[in-house]
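Data file: protein12.cif. Format and content: mmCIF, C-alpha atoms.
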data_run
loop_
_atom_site.label_atom_id
_atom_site.label_comp_id
_atom_site.auth_asym_id
_atom_site.auth_seq_id
_atom_site.Cartn_x
_atom_site.Cartn_y
_atom_site.Cartn_z
CA MET A 142 0.00 0.00 0.00
CA LYS A 143 2.88 2.33 0.76
CA TYR A 144 4.14 1.72 -2.75
CA LEU A 145 0.88 3.06 -4.17
CA GLU A 146 1.47 6.24 -2.23
CA THR A 147 5.17 6.82 -2.72
CA GLY A 148 6.21 4.68 -5.67
CA GLU A 149 9.14 3.30 -3.73
CA PHE A 150 9.87 0.53 -1.26
CA VAL A 151 9.21 1.55 2.33
CA LYS A 152 10.04 -0.77 5.20
CA THR A 153 6.87 -1.11 7.27
CA GLN A 154 5.69 -2.70 10.51
CA PRO A 155 3.01 -5.42 10.40
CA THR A 156 -0.47 -3.87 10.49
CA MET A 157 -2.08 -3.93 13.92
CA GLY A 158 -5.87 -4.03 13.75
CA ILE A 159 -7.26 -2.15 10.80
CA ASN A 160 -5.53 0.76 9.17
CA ARG A 161 -7.52 3.31 7.27
CA GLY A 162 -4.99 3.60 4.51
CA GLU A 163 -4.90 5.56 1.29
CA THR A 164 -7.64 7.13 -0.70
CA ILE A 165 -6.95 6.86 -4.40
CA ARG A 166 -8.81 9.15 -6.78
CA ILE A 167 -9.11 8.09 -10.37
CA GLU A 168 -11.13 10.53 -12.41
CA LYS A 169 -14.43 10.67 -10.53
CA LEU A 170 -13.94 7.46 -8.59
CA GLU A 171 -12.69 7.64 -5.02
CA ILE A 172 -11.32 4.38 -3.63
CA ASN A 173 -10.76 4.02 0.09
CA ILE A 174 -8.24 1.33 0.95
CA TRP A 175 -8.35 -0.43 4.31
CA ASP A 176 -5.28 -2.31 5.39
CA MET A 177 -6.11 -5.24 7.67
CA GLY A 178 -3.71 -7.01 10.00
CA GLY A 179 -3.13 -10.61 8.93
CA GLN A 180 -2.34 -12.00 12.37
CA ASP A 181 -4.79 -14.42 13.96
CA ASP A 182 -5.97 -11.94 16.58
CA PHE A 183 -7.09 -9.45 13.97
CA ARG A 184 -8.93 -11.84 11.67
CA VAL A 185 -12.14 -11.47 13.65
CA LEU A 186 -12.17 -7.86 12.44
CA TRP A 187 -12.09 -8.80 8.76
CA PRO A 188 -15.77 -9.60 8.10
CA GLU A 189 -16.96 -6.18 9.17
CA VAL A 190 -14.80 -4.49 6.53
CA ASN A 191 -15.07 -7.15 3.86
CA GLU A 192 -18.88 -7.19 3.95
CA LYS A 193 -18.94 -3.51 2.98
CA SER A 194 -16.20 -3.70 0.37
CA ASP A 195 -16.49 -3.51 -3.41
CA GLY A 196 -13.13 -5.16 -3.89
CA VAL A 197 -10.64 -7.31 -1.99
CA VAL A 198 -6.88 -7.46 -2.45
CA PHE A 199 -5.43 -10.59 -0.88
CA VAL A 200 -1.67 -10.63 -0.49
CA VAL A 201 0.22 -13.93 -0.21
CA ASP A 202 3.92 -14.24 0.47
CA LYS A 203 5.20 -16.18 -2.52
CA ASN A 204 8.14 -17.58 -0.60
CA ASP A 205 6.47 -18.58 2.63
CA VAL A 206 5.44 -22.12 1.71
CA MET A 207 4.85 -22.99 5.36
CA LYS A 208 2.03 -20.49 5.59
CA PHE A 209 0.45 -21.37 2.27
CA GLU A 210 -2.16 -23.66 3.85
CA GLU A 211 -3.05 -21.01 6.42
CA ALA A 212 -3.34 -18.35 3.70
CA TYR A 213 -5.54 -20.67 1.65
CA LYS A 214 -7.94 -21.21 4.57
CA ALA A 215 -8.10 -17.48 5.33
CA PHE A 216 -8.78 -16.74 1.66
CA GLN A 217 -11.53 -19.38 1.46
CA GLU A 218 -13.14 -17.92 4.57
CA ILE A 219 -13.24 -14.52 2.89
CA VAL A 220 -14.60 -15.62 -0.47
CA GLU A 221 -17.14 -18.06 0.99
CA HIS A 222 -18.50 -16.04 3.89
CA GLN A 223 -17.42 -12.45 3.92
CA ILE A 224 -17.89 -10.87 0.50
CA HIS A 225 -20.75 -10.27 -1.93
CA ASP A 226 -21.04 -11.94 -5.33
CA ASP A 227 -20.11 -8.86 -7.34
CA VAL A 228 -16.88 -8.13 -5.49
CA ILE A 229 -13.64 -7.81 -7.48
CA VAL A 230 -10.84 -10.03 -6.17
CA LEU A 231 -7.18 -9.29 -6.73
CA VAL A 232 -4.66 -11.82 -5.45
CA LEU A 233 -1.07 -10.69 -5.22
CA LEU A 234 1.69 -13.26 -5.10
CA HIS A 235 4.05 -10.96 -3.32
CA LYS A 236 7.83 -10.77 -2.87
CA ALA A 237 8.34 -11.91 -6.45
CA ASP A 238 11.81 -10.38 -6.43
CA LEU A 239 13.06 -13.36 -4.39
CA PRO A 240 14.26 -16.34 -6.46
CA GLU A 241 12.41 -19.10 -4.61
CA GLY A 242 8.72 -19.69 -4.17
CA MET A 243 5.66 -20.99 -5.94
CA ASP A 244 5.11 -19.97 -9.55
CA ARG A 245 1.95 -18.18 -10.58
CA SER A 246 0.24 -20.92 -12.62
CA ARG A 247 0.71 -23.52 -9.89
CA PHE A 248 -0.49 -21.05 -7.29
CA ILE A 249 -3.67 -20.33 -9.29
CA GLN A 250 -4.42 -24.04 -9.40
CA GLU A 251 -3.65 -24.79 -5.77
CA PHE A 252 -5.41 -21.71 -4.47
CA GLY A 253 -8.56 -22.67 -6.35
CA LEU A 254 -8.77 -19.37 -8.19
CA VAL A 255 -10.04 -20.90 -11.42
CA ASP A 256 -13.25 -21.98 -9.69
CA LEU A 257 -13.92 -18.61 -8.11
CA PRO A 258 -17.35 -17.17 -8.93
CA PHE A 259 -15.88 -13.65 -8.84
CA LYS A 260 -14.13 -11.41 -11.30
CA TRP A 261 -10.52 -12.02 -10.27
CA ALA A 262 -6.89 -11.63 -11.29
CA CYS A 263 -3.59 -12.81 -9.91
CA TYR A 264 -0.29 -10.98 -10.31
CA GLU A 265 3.23 -11.66 -9.14
CA THR A 266 4.33 -8.45 -7.46
CA SER A 267 7.22 -6.94 -5.60
CA ALA A 268 7.30 -3.78 -3.54
CA LYS A 269 11.09 -3.79 -3.77
CA THR A 270 11.30 -3.66 -7.55
CA GLY A 271 7.81 -2.30 -8.20
CA GLN A 272 7.08 -5.31 -10.41
CA ASN A 273 3.41 -5.36 -11.48
CA ILE A 274 2.27 -3.04 -8.70
CA PHE A 275 0.92 -0.46 -11.12
CA GLU A 276 -0.46 -3.05 -13.56
CA SER A 277 -2.29 -5.07 -10.91
CA PHE A 278 -3.92 -2.09 -9.23
CA LYS A 279 -4.72 -0.50 -12.56
CA TRP A 280 -6.65 -3.63 -13.46
CA PHE A 281 -8.31 -3.68 -10.03
CA PHE A 282 -9.36 -0.03 -10.00
CA GLU A 283 -10.61 -0.18 -13.58
CA GLN A 284 -12.80 -3.16 -12.70
CA LEU A 285 -14.19 -1.14 -9.79
CA LYS A 286 -14.77 1.79 -12.12
CA GLU A 287 -16.71 -0.38 -14.53
CA GLY A 288 -18.79 -1.80 -11.71
CA MET B 83 -31.88 32.57 41.68
CA ALA B 84 -31.46 35.34 39.09
CA VAL B 85 -29.12 34.64 36.23
CA ASN B 86 -26.10 36.86 36.56
CA SER B 87 -24.76 38.08 33.18
CA LEU B 88 -21.23 37.08 34.21
CA THR B 89 -22.46 33.58 35.08
CA MET B 90 -24.10 33.38 31.67
CA PHE B 91 -20.83 34.52 30.08
CA TYR B 92 -18.83 31.84 31.89
CA SER B 93 -21.43 29.20 31.16
CA THR B 94 -21.61 30.05 27.43
CA PHE B 95 -17.84 29.87 26.98
CA GLY B 96 -17.81 26.64 29.00
CA TRP B 97 -20.32 25.00 26.69
CA ILE B 98 -18.59 26.24 23.51
CA THR B 99 -15.36 24.57 24.69
CA THR B 100 -17.30 21.43 25.61
CA LEU B 101 -18.86 21.32 22.15
CA PHE B 102 -15.44 21.30 20.45
CA ASN B 103 -14.21 18.72 22.93
CA LEU B 104 -17.19 16.51 22.12
CA ILE B 105 -16.47 16.84 18.40
CA LEU B 106 -12.92 15.63 19.05
CA ILE B 107 -14.24 12.73 21.17
CA GLY B 108 -16.73 11.81 18.41
CA ALA B 109 -13.97 11.86 15.78
CA LEU B 110 -11.75 9.67 17.98
CA LEU B 111 -14.60 7.23 18.54
CA ILE B 112 -15.16 6.95 14.79
CA ARG B 113 -11.43 6.45 14.31
CA PHE B 114 -11.42 3.70 16.95
CA LEU B 115 -14.40 1.95 15.35
CA GLN B 116 -12.54 2.09 12.03
CA LYS B 117 -9.15 0.93 13.27
CA LYS B 118 -9.98 -1.14 16.37
CA THR B 119 -6.56 -0.63 17.88
CA ILE B 120 -5.50 -0.17 21.51
CA GLY B 121 -3.88 3.16 20.63
CA THR B 122 -7.08 4.72 19.26
CA LEU B 123 -9.03 3.33 22.25
CA LEU B 124 -6.57 4.92 24.70
CA LEU B 125 -6.81 8.28 22.96
CA PHE B 126 -10.60 8.09 22.85
CA PHE B 127 -10.87 7.45 26.60
CA ALA B 128 -8.22 10.08 27.35
CA TYR B 129 -10.40 12.74 25.74
CA VAL B 130 -13.56 11.29 27.27
CA PHE B 131 -12.06 12.16 30.67
CA VAL B 132 -11.15 15.64 29.38
CA GLY B 133 -14.77 15.83 28.20
CA VAL B 134 -16.03 14.91 31.69
CA THR B 135 -14.04 17.81 33.15
CA SER B 136 -15.21 20.14 30.42
CA ILE B 137 -18.89 19.21 30.88
CA LEU B 138 -18.71 19.50 34.66
CA ALA B 139 -16.87 22.82 34.46
CA ALA B 140 -19.61 24.17 32.19
CA LEU B 141 -22.41 22.54 34.16
CA VAL B 142 -21.35 23.98 37.48
CA TYR B 143 -22.59 27.45 36.43
CA ASN B 144 -25.95 26.06 35.40
CA LEU B 145 -26.20 24.20 38.71
CA GLU B 146 -25.36 27.39 40.56
CA VAL B 147 -28.21 29.14 38.77
CA ALA B 148 -30.52 26.18 39.39
CA GLY B 149 -29.75 26.39 43.12
CA VAL B 150 -28.21 22.92 43.42
CA SER B 151 -26.60 22.37 46.82
CA LEU B 152 -23.01 23.39 47.36
CA SER B 153 -22.00 19.87 48.40
CA THR B 154 -23.20 18.49 45.04
CA GLN B 155 -21.23 21.18 43.27
CA THR B 156 -18.16 20.31 45.35
CA LEU B 157 -18.57 16.63 44.50
CA LEU B 158 -18.67 17.49 40.78
CA GLN B 159 -15.64 19.75 41.23
CA MET B 160 -13.75 16.85 42.76
CA ILE B 161 -14.61 14.60 39.80
CA ALA B 162 -13.59 17.44 37.46
CA SER B 163 -10.26 17.71 39.32
CA ILE B 164 -9.45 14.01 39.12
CA ALA B 165 -10.60 13.35 35.53
CA PRO B 166 -7.68 15.26 33.91
CA LEU B 167 -5.22 13.03 35.76
CA LEU B 168 -6.89 9.91 34.41
CA SER B 169 -6.83 11.48 30.95
CA LEU B 170 -3.18 12.35 31.40
CA THR B 171 -2.34 8.78 32.38
CA LEU B 172 -3.96 7.46 29.21
CA ILE B 173 -2.21 10.06 27.03
CA TYR B 174 1.05 9.07 28.70
CA ILE B 175 0.45 5.35 28.03
CA PHE B 176 -0.51 6.14 24.43
CA SER B 177 2.58 8.30 24.01
CA CYS B 178 4.81 5.54 25.36
CA ARG B 179 3.59 3.38 22.47
CA HIS B 180 4.15 5.91 19.70
CA ILE B 181 6.05 9.01 20.80
CA LEU B 182 8.01 8.63 24.05
CA ARG B 183 10.60 5.96 24.67
CA ASP B 184 10.33 5.50 28.46
CA ASN B 185 11.52 2.25 29.98
CA GLU B 186 9.38 0.03 32.22
CA LEU B 187 10.70 1.62 35.43
CA LEU B 188 9.77 5.14 34.31
CA LYS B 189 6.35 4.00 33.13
CA THR B 190 5.69 2.35 36.50
CA LEU B 191 6.88 5.42 38.41
CA HIS B 192 4.59 7.71 36.43
CA THR B 193 1.60 5.50 37.11
CA ILE B 194 2.44 5.16 40.83
CA VAL B 195 2.83 8.93 41.31
CA ILE B 196 -0.47 9.66 39.57
CA SER B 197 -2.22 6.93 41.61
CA ILE B 198 -0.86 8.41 44.87
CA VAL B 199 -2.09 11.89 43.94
CA VAL B 200 -5.55 10.63 42.98
CA GLY B 201 -5.73 8.36 46.03
CA PHE B 202 -4.64 11.12 48.41
CA GLY B 203 -7.19 13.60 47.08
CA LEU B 204 -9.99 11.06 47.05
CA THR B 205 -9.25 9.84 50.59
CA LEU B 206 -9.43 13.37 51.99
CA PHE B 207 -12.57 13.98 49.98
CA VAL B 208 -14.36 10.84 51.16
CA LEU B 209 -13.39 11.46 54.79
CA GLY B 210 -14.70 14.99 54.46
CA ALA B 211 -17.87 13.91 52.70
CA PHE B 212 -18.75 11.55 55.56
CA ASN B 213 -17.66 14.09 58.15
CA ILE B 214 -15.01 11.76 59.53
CA THR B 215 -12.10 13.27 61.42
CA PRO B 216 -9.04 11.15 60.78
CA GLN B 217 -7.52 9.83 63.98
CA PHE B 218 -4.02 9.83 62.62
CA THR B 219 -3.69 13.58 62.58
CA ASN B 220 -5.24 16.91 63.24
CA PHE B 221 -3.13 18.96 60.95
CA ILE B 222 -5.72 20.31 58.52
CA VAL B 223 -6.88 23.88 58.22
CA PRO B 224 -9.47 25.11 60.76
CA GLU B 225 -13.04 25.66 59.63
CA GLY B 226 -13.71 29.14 58.36
CA GLU B 227 -10.17 29.72 57.18
CA LYS B 228 -9.34 29.71 53.51
CA ALA B 229 -7.75 26.35 52.83
CA SER B 230 -4.53 26.28 50.90
CA TRP B 231 -2.11 23.55 50.11
CA TRP B 232 0.66 25.22 52.06
CA GLN B 233 -1.48 26.36 55.04
CA ILE B 234 -1.15 23.20 57.10
CA LYS B 235 -1.80 23.87 60.76
CA ARG B 236 -2.04 21.74 63.86
CA VAL B 237 -5.66 22.47 64.60
CA PRO B 238 -8.60 20.03 64.88
CA ILE B 239 -10.66 19.80 61.75
CA THR B 240 -14.21 19.25 60.66
CA GLY B 241 -15.44 17.25 57.71
CA THR B 242 -16.58 20.21 55.66
CA THR B 243 -13.15 21.80 55.70
CA LEU B 244 -11.50 18.57 54.73
CA TYR B 245 -14.03 18.22 51.94
CA ASN B 246 -13.05 21.56 50.40
CA PHE B 247 -9.40 21.14 51.25
CA SER B 248 -9.18 17.94 49.19
CA ILE B 249 -9.89 19.88 45.98
CA THR B 250 -7.37 22.58 46.89
CA ALA B 251 -4.80 19.92 47.75
CA ILE B 252 -5.17 18.00 44.52
CA SER B 253 -4.94 21.02 42.20
CA PRO B 254 -1.16 21.70 42.31
CA PRO B 255 -0.11 18.11 41.53
CA VAL B 256 -2.71 18.00 38.74
CA ILE B 257 -1.34 21.21 37.22
CA LEU B 258 2.27 20.04 37.60
CA SER B 259 1.47 16.66 36.04
CA GLN B 260 -0.29 18.38 33.13
CA ILE B 261 2.74 20.59 32.51
CA TYR B 262 5.21 17.73 32.87
CA ILE B 263 3.53 15.15 30.63
CA ASN B 264 2.07 17.48 27.98
CA LEU B 265 5.36 19.32 27.67
CA ARG B 266 7.32 16.08 27.35
CA VAL B 267 5.01 14.62 24.73
CA GLY B 268 4.81 17.96 22.90
CA ILE B 269 8.59 18.46 22.77
CA ARG B 270 9.20 14.85 21.77
CA SER B 271 6.65 15.24 18.95
CA PHE B 272 8.62 18.20 17.60
CA VAL B 273 11.88 16.22 17.86
CA LEU B 274 10.38 13.27 15.96
CA ALA B 275 8.88 15.65 13.39
CA LYS B 276 12.32 17.11 12.77
CA ARG B 277 13.84 13.66 12.30
CA THR B 278 11.35 12.30 9.79
CA SER B 279 11.43 13.07 6.09
CA LYS B 280 7.85 11.91 5.48
CA ALA B 281 5.73 15.00 4.96
CA VAL B 282 2.46 13.61 6.39
CA ARG B 283 4.12 12.22 9.52
CA LYS B 284 6.12 15.42 10.00
CA ARG B 285 3.04 17.66 9.82
CA GLY B 286 1.02 15.25 12.00
CA LEU B 287 3.64 15.28 14.76
CA GLN B 288 4.01 19.05 14.56
CA LEU B 289 0.26 19.45 14.92
CA ILE B 290 0.23 17.13 17.95
CA GLY B 291 3.09 19.15 19.48
CA TRP B 292 1.37 22.50 18.87
CA GLY B 293 -1.96 21.11 20.05
CA LEU B 294 -0.51 19.96 23.37
CA ILE B 295 1.43 23.20 23.89
CA THR B 296 -1.70 25.27 23.14
CA TYR B 297 -3.68 23.08 25.54
CA LEU B 298 -1.03 23.59 28.20
CA LEU B 299 -0.87 27.37 27.68
CA ALA B 300 -4.67 27.57 27.93
CA GLY B 301 -4.44 25.67 31.20
CA ILE B 302 -1.72 27.97 32.53
CA ILE B 303 -3.96 31.02 31.97
CA ILE B 304 -6.30 29.75 34.71
CA THR B 305 -3.36 29.54 37.11
CA LEU B 306 -2.63 33.18 36.26
CA GLU B 307 -6.25 34.08 36.81
CA ILE B 308 -6.50 32.55 40.28
CA SER B 309 -3.03 33.37 41.54
CA ILE B 310 -3.21 37.14 40.96
CA HIS B 311 -5.36 39.22 43.27
CA TRP B 312 -7.44 41.28 40.84
CA PRO B 313 -9.24 44.40 42.16
CA THR B 314 -13.00 43.96 42.66
CA GLY B 315 -14.88 44.43 39.43
CA SER B 316 -11.76 43.98 37.32
CA ALA B 317 -12.43 42.86 33.76
CA MET B 318 -9.31 40.69 33.75
CA PRO B 319 -10.74 37.48 35.28
CA PRO B 320 -13.52 37.10 32.65
CA ILE B 321 -11.11 38.09 29.86
CA LEU B 322 -8.57 35.49 30.99
CA TRP B 323 -11.37 32.97 31.38
CA ALA B 324 -12.56 33.59 27.81
CA LEU B 325 -8.97 33.43 26.51
CA ARG B 326 -8.46 30.15 28.33
CA LYS B 327 -11.62 28.64 26.88
CA LEU B 328 -10.77 29.87 23.37
CA GLY B 329 -7.29 28.42 23.86
CA PHE B 330 -8.87 25.03 24.56
CA VAL B 331 -11.04 25.35 21.44
CA VAL B 332 -7.95 26.08 19.32
CA ALA B 333 -6.10 23.18 21.02
CA TYR B 334 -8.95 20.74 20.29
CA ILE B 335 -9.01 21.80 16.62
CA ILE B 336 -5.22 21.38 16.28
CA LEU B 337 -5.29 18.06 18.16
CA TYR B 338 -8.12 16.87 15.93
CA LEU B 339 -5.95 17.59 12.88
CA GLY B 340 -2.91 15.96 14.49
CA TRP B 341 -4.39 12.86 16.10
CA ILE B 342 -6.99 12.14 13.41
CA MET B 343 -5.25 13.61 10.35
CA PRO B 344 -8.39 13.82 8.18
CA GLU B 345 -8.12 12.68 4.60
CA TRP B 346 -8.45 16.19 3.08
CA LEU B 347 -5.46 17.39 5.15
CA ARG B 348 -3.42 14.30 4.35
CA ARG B 349 -4.03 14.86 0.64
CA ARG B 350 -3.21 18.53 0.95
CA ILE B 351 0.13 17.76 2.59
CA ARG B 352 1.05 14.80 0.45
CA GLY B 353 -0.37 15.78 -2.95
CA LYS B 354 -1.26 13.07 -5.44
CA THR B 355 -0.18 9.49 -4.80
CA TRP B 356 2.39 7.82 -6.99
CA PHE B 357 -0.35 5.62 -8.43
CA GLU B 358 -2.56 8.58 -9.36
CA MET B 359 0.35 10.28 -11.14
CA GLN B 360 1.22 7.12 -13.02
CA TYR B 361 -2.39 6.55 -13.97
CA LYS B 362 -2.71 10.09 -15.25
CA ASN B 363 0.46 9.73 -17.33
CA VAL B 364 -0.76 6.48 -18.86
CA ARG B 365 -4.12 8.01 -19.74
CA VAL B 366 -2.49 11.07 -21.31
CA SER B 367 -0.05 9.04 -23.39
#
Could you quickly redo this structure as structure tokens?
Amino acid sequence: MKYLETGEFVKTQPTMGINRGETIRIEKLEINIWDMGGQDDFRVLWPEVNEKSDGVVFVVDKNDVMKFEEAYKAFQEIVEHQIHDDVIVLVLLHKADLPEGMDRSRFIQEFGLVDLPFKWACYETSAKTGQNIFESFKWFFEQLKEG
Amino acid sequence: MAVNSLTMFYSTFGWITTLFNLILIGALLIRFLQKKTIGTLLLFFAYVFVGVTSILAALVYNLEVAGVSLSTQTLLQMIASIAPLLSLTLIYIFSCRHILRDNELLKTLHTIVISIVVGFGLTLFVLGAFNITPQFTNFIVPEGEKASWWQIKRVPITGTTLYNFSITAISPPVILSQIYINLRVGIRSFVLAKRTSKAVRKRGLQLIGWGLITYLLAGIIITLEISIHWPTGSAMPPILWALRKLGFVVAYIILYLGWIMPEWLRRRIRGKTWFEMQYKNVRVS
């Protein structure tokens, strides 16, 4: 999210609770972004925000294979119980600058994205190199604009 | 009881300040409901206690007009005297998370000192309220004499005197604590603002610093008002009172901008985001 604001890599602390982040204005559309802490304790706060959202950006650490299962369960919980049918879903396979990690096509399969009943996209991104940050959010915001 | 124009003046200014304080409390509550963090909760409750003081300080003039008993007014004054200390404790705890860098020992000492002050004042107050003469001493001011913190005499006491004395006794440590903590947090905010290169954070910290200093200066005006013996009928006490209340209003507005940092201000400081600039460039090309 910091990258959207500054266009450069900023070292950040993990989000505690919910952060009312940036507001992005594209032509006449104003998009309010809410940054939600991923730790277990904060997950109970997710539904309240997700239920009112027009779009969800789910960020997965591409290199953290150990947490893949946990991320998958959290994602399923969101798409099955917390969001409306017409919500736009953007999944970011983050930290793509690192050499290891799951590749995008395998991730799409294993994460069950192909069966999602939502308009979705998945990008490999990196806040260090800026890889696909603009492209992924451009797609996401334009989908919101169309909706 | 007839409504004195001066009482009306005091009451009106009291309620104007309270209104701005309530706006700040409302904004902090919304921010807490949005963020659900301990920090925003601490700040919200800190200003709730300031609000309690503000409401009681404004209400006391209405109660006077309504002919409510003096003991009820004294009780409310006592609550109004203690509430700022509770607020101060919460602001201190909040600041330790984000602004100050006090170690555990210092944090504990701060809390102990504030607890002792509150406990001391409350004990005297309760003893006085129930007209109990403490057996351990007879050192309080005699009835009929003006009670002051420094006028400790070895004369038997009555409950009523103790009752009033408790408020007088608690005021100096409350004022000193306000100066000490607000000044520390304010100065530290300026230091942090100087160190950061991020425009939004810099402005936010500066606003917090100025807000706390303004709040403190407004508070000091009351000390000036009560510590100088003004001639009867002097216009200075109401003028200082109005200045103090306006000072609080200005402080609440600045603190609102600093603690909350509304989106319009953030955008004004920061300008367009990197994404918005990129998007515009892509659309143009």
Counting all atoms listed in the file, which residues of chain B come no farther than 8 Å from chain A, as a JSON list (two decimals) with C-alpha atoms, in the coordinates of the input?
[["chain", "number", "residue", "atom", "x", "y", "z"],
["B", 116, "GLN", "CA", -12.54, 2.09, 12.03],
["B", 117, "LYS", "CA", -9.15, 0.93, 13.27],
["B", 118, "LYS", "CA", -9.98, -1.14, 16.37],
["B", 119, "THR", "CA", -6.56, -0.63, 17.88],
["B", 345, "GLU", "CA", -8.12, 12.68, 4.60],
["B", 355, "THR", "CA", -0.18, 9.49, -4.80],
["B", 356, "TRP", "CA", 2.39, 7.82, -6.99],
["B", 357, "PHE", "CA", -0.35, 5.62, -8.43],
["B", 358, "GLU", "CA", -2.56, 8.58, -9.36],
["B", 360, "GLN", "CA", 1.22, 7.12, -13.02],
["B", 361, "TYR", "CA", -2.39, 6.55, -13.97]]
Translate the PyMOL selection byres ((chain B and resi 158-166) around 6) into a concrete residue list for this structure, as a compact mmCIF listing (two decimals) with C-alpha atoms, in the frame of the given file.
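Produced file result.txt, reproduced below:
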# COMPACT_ATOMS: atom_id res chain seq x y z
CA PHE B 131 -12.06 12.16 30.67
CA VAL B 132 -11.15 15.64 29.38
CA THR B 135 -14.04 17.81 33.15
CA GLN B 155 -21.23 21.18 43.27
CA THR B 156 -18.16 20.31 45.35
CA LEU B 157 -18.57 16.63 44.50
CA LEU B 167 -5.22 13.03 35.76
CA LEU B 168 -6.89 9.91 34.41
CA SER B 169 -6.83 11.48 30.95
CA LEU B 170 -3.18 12.35 31.40
CA ILE B 249 -9.89 19.88 45.98
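The residues returned by the PyMOL selection byres ((chain B and resi 98) around 12) for this structure are Phe91, Tyr92, Ser93, Thr94, Phe95, Gly96, Trp97, Thr99, Thr100, Leu101, Phe102, Asn103, Leu104, Ile105, Ser136, Ile137, Ala139, Ala140, Leu141, Ala324, Arg326, Lys327, Leu328, Gly329, Phe330, Val331, Val332 and Tyr334 of chain B.
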What separates CA of Glu221 (chain A) and CA of Glu192 (chain A) is a distance of 11.4 Å
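Once the PyMOL selection byres ((chain A and resi 179) around 12) is applied to this file, the selection holds A:Gln154, A:Pro155, A:Thr156, A:Met157, A:Gly158, A:Ile159, A:Asn160, A:Asp176, A:Met177, A:Gly178, A:Gln180, A:Asp181, A:Asp182, A:Phe183, A:Arg184, A:Val185, A:Leu186, A:Trp187, A:Phe199, A:Val200, A:Val201, A:Asp202, A:Lys208, A:Glu211, A:Ala212, A:Ala215, A:Phe216.
With all atoms listed in the file taken into account, every residue lying no more than 8 Å from the file point (1.2, 17.2, 17.0) is included here: Gly268, Ser271, Phe272, Arg285, Gly286, Leu287, Gln288, Leu289, Ile290, Gly291, Trp292, Gly293, Leu294, Ile336, Leu337, Gly340 and Trp341 of chain B.
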With only C-alpha atoms as the counted atoms, please give the residues lying no more than 8 Å from Thr122 (chain B), apart from itself and same-chain residues fewer than 5 positions off, as a PDB file with C-alpha atoms, in the coordinates of the input.
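This went into part12.pdb:
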ATOM      1  CA  LEU B 110     -11.750   9.670  17.980  1.00  0.00           C
ATOM      2  CA  LEU B 111     -14.600   7.230  18.540  1.00  0.00           C
ATOM      3  CA  ARG B 113     -11.430   6.450  14.310  1.00  0.00           C
ATOM      4  CA  PHE B 114     -11.420   3.700  16.950  1.00  0.00           C
ATOM      5  CA  LYS B 117      -9.150   0.930  13.270  1.00  0.00           C
TER       6      LYS B 117
END
Worksheet item: Using all atoms listed in the file, which residues sit within 12 Å of Glu287 (chain A) once same-chain residues fewer than 3 positions away are excluded, as a ChimeraX atom specification?
Response: /A:169-170,195,227-229,260,280-284
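Taking CA of Ser151 (chain B) as the reference point, CA of Val256 (chain B) is found at 25.6 Å.
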Item to check | Selection: 9 Å around region 246-258 of chain A, only C-alpha atoms, excl. self and same-chain fewer than 6 positions, as a PyMOL selection string | outcome: chain A and resi 203+209+213+216-217+220+226-227+234
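Of note, CA of Ala300 (chain B) and CA of Met90 (chain B) are spaced 20.6 Å apart.
Proximity ranking of A:Glu171, A:Gly288, A:Asn191, A:Val198 relative to Leu231 (chain A) places A:Val198 first, based on only C-alpha atoms.
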What's around Ile196 (chain B) at 8 Å? Count only C-alpha atoms, leave out sequence neighbours fewer than 3 positions away in its own chain, and write the answer as a PyMOL selection string.
chain B and resi 167+171+192-193+199-200
